[in-house]
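Working notes for the structure below.
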Amino acid sequence: MPARLPSWVWVTGLTVGATVAVTALAVQADKGAHPTAAARPGASASASAHPAPAPTRTAPPAPPAASGTGRRIVYSLGQKRIWLVDAEGKATGTFAVWPGTVSPDVGTYAVSLRVDAREGSDGVAIEHVLYFANKSGLSIAFSNAVDGSSPPPAVGKQTSGIRLHKADGAQLWAFGTAKTPVAVVD
């Protein structure tokens, strides 16, 4: 009669096997396409979700020329992109963004108010809100949707939020302290 293995050996073997299988699947999944968040529930039937811009995780390109000097946030209206620039002028991060319907004028501003979380003018719950400009009676701010969505602007409504991916919003929040300069370029 063959010798029986104790139950702890079976449990250990199965646990190790499951861990290896999950790790292998996670590595495979990380190499594939990543989904973007859908529009928020309850969005109007006439509005469709826009795919969120993919977060940039490679070495950041240099910030646009004539965007100032020193530690700052640079926002390019034409490229729809933000750069985080350190005191030496080196970009430490850059993110694609999707702007609202009202954009700030080209110029230099500063983060004037930081709000942890609130509801955006489009009715979406937002977080990591960094206000820096005003235009057409609206306060312009960087933020990310709490649920990661990138809903289209409400039909016929002016919105001034500049949205980021959730992870990018957290990084911008950590960087953009009160009075951090914001350079808006074409």
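Chain labels follow the order of the structure tokens: the first chain is A, the next B, and so on; residue numbering restarts at 1 in every chain, and ligands are counted from 1 in their shown order.
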
Polymer residues at most 9 Å from A:Val129, only C-alpha atoms, same-chain spacing of 5 or more positions, as an mmCIF file with N, CA and C atoms, in the first residue's frame:
data_model
loop_
_atom_site.group_PDB
_atom_site.id
_atom_site.type_symbol
_atom_site.label_atom_id
_atom_site.label_comp_id
_atom_site.auth_asym_id
_atom_site.auth_seq_id
_atom_site.Cartn_x
_atom_site.Cartn_y
_atom_site.Cartn_z
ATOM 1 N N LEU A 113 -6.346 77.317 -5.278
ATOM 2 C CA LEU A 113 -7.167 76.579 -4.323
ATOM 3 C C LEU A 113 -7.065 75.096 -4.632
ATOM 4 N N ARG A 114 -6.977 74.296 -3.592
ATOM 5 C CA ARG A 114 -6.966 72.836 -3.709
ATOM 6 C C ARG A 114 -8.188 72.292 -2.986
ATOM 7 N N VAL A 115 -8.972 71.477 -3.682
ATOM 8 C CA VAL A 115 -10.158 70.868 -3.079
ATOM 9 C C VAL A 115 -10.030 69.364 -3.260
ATOM 10 N N ASP A 116 -10.092 68.657 -2.134
ATOM 11 C CA ASP A 116 -9.920 67.205 -2.145
ATOM 12 C C ASP A 116 -10.935 66.504 -3.036
ATOM 13 N N ALA A 117 -12.210 66.828 -2.898
ATOM 14 C CA ALA A 117 -13.269 66.186 -3.683
ATOM 15 C C ALA A 117 -14.499 67.074 -3.694
ATOM 16 N N ARG A 118 -15.272 66.990 -4.785
ATOM 17 C CA ARG A 118 -16.519 67.734 -4.918
ATOM 18 C C ARG A 118 -17.256 67.238 -6.150
ATOM 19 N N ALA A 141 -9.938 74.420 -13.538
ATOM 20 C CA ALA A 141 -9.186 73.560 -12.629
ATOM 21 C C ALA A 141 -8.833 72.240 -13.298
ATOM 22 N N PHE A 142 -7.760 71.643 -12.814
ATOM 23 C CA PHE A 142 -7.404 70.273 -13.170
ATOM 24 C C PHE A 142 -8.111 69.356 -12.172
ATOM 25 N N SER A 143 -8.567 68.182 -12.627
ATOM 26 C CA SER A 143 -9.193 67.218 -11.720
ATOM 27 C C SER A 143 -9.279 65.869 -12.413
ATOM 28 N N ASN A 144 -9.672 64.875 -11.649
ATOM 29 C CA ASN A 144 -9.992 63.577 -12.238
ATOM 30 C C ASN A 144 -11.330 63.106 -11.671
ATOM 31 N N GLY A 161 -13.520 72.223 -16.440
ATOM 32 C CA GLY A 161 -12.627 71.241 -15.850
ATOM 33 C C GLY A 161 -11.698 70.642 -16.889
ATOM 34 N N GLY A 169 -4.135 62.161 -11.966
ATOM 35 C CA GLY A 169 -4.697 63.172 -11.075
ATOM 36 C C GLY A 169 -4.075 63.109 -9.691
ATOM 37 N N TRP A 173 -1.914 66.058 -8.029
ATOM 38 C CA TRP A 173 -2.319 66.545 -6.707
ATOM 39 C C TRP A 173 -1.120 66.607 -5.762
#

*What's the 9 Å shell around A:Gln158, counting only C-alpha atoms, without same-chain residues fewer than 6 positions away, as a ChimeraX atom specification?*
/A:100-102,121-122,138

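One finds atom CA of A:Gly70 at 7.3 Å from atom CA of A:Val85.
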
*Could you pull out all residues of stretch 43-181 of chain A with a DSSP call of strand (DSSP E or B) and give them as a PyMOL selection string?*
chain A and resi 72-76+81-85+91-96+98-99+107-110+113-119+125-135+138-145+161-164+181

*Test item: residues at most 10 Å from A:Ala87, only C-alpha atoms, excluding those fewer than 2 positions along its chain, as a PyMOL selection string*: chain A and resi 69-72+85+89-91

Go ahead and write the selection's residues with C-alpha atoms as a short mmCIF file (atom, residue, chain, number, x, y, z; two decimals), in the first residue's frame.
data_model
loop_
_atom_site.label_atom_id
_atom_site.label_comp_id
_atom_site.auth_asym_id
_atom_site.auth_seq_id
_atom_site.Cartn_x
_atom_site.Cartn_y
_atom_site.Cartn_z
CA THR A 69 11.58 78.33 -15.66
CA GLY A 70 11.72 76.64 -12.30
CA ARG A 71 9.24 74.28 -10.67
CA ARG A 72 5.88 74.50 -12.43
CA VAL A 85 8.54 70.33 -14.18
CA GLY A 89 13.56 72.47 -15.48
CA LYS A 90 13.35 68.70 -16.01
CA ALA A 91 9.96 67.12 -16.74
#

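Candidate residues A:Val124, A:Leu164, A:Val184, A:Ile140 were compared for distance to A:Gly107, and the nearest is A:Val184, using only C-alpha atoms.
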
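Taking atom CA of A:Ala133 and atom CA of A:Ser112 as endpoints, the distance between them is 8.0 Å.
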
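Every protein, DNA or RNA residue with an atom at most 10 Å from A:Leu172, where only C-alpha atoms count and chain neighbours fewer than 3 positions away do not, is listed here: A:Ile73, A:Ile82, A:Trp83, A:Leu84, A:Gly93, A:Thr94, A:Phe95, A:His128, A:Val129, A:Leu130, A:Phe142, A:Ser143, A:Asn144, A:Leu164, A:Lys166, A:Ala167, A:Asp168, A:Gly169, A:Phe175, A:Gly176, A:Thr177.
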
*Report the distance between atom CA of A:Thr159 and atom CA of A:Asn134 in Å, rounded to one decimal place.*
11.7 Å
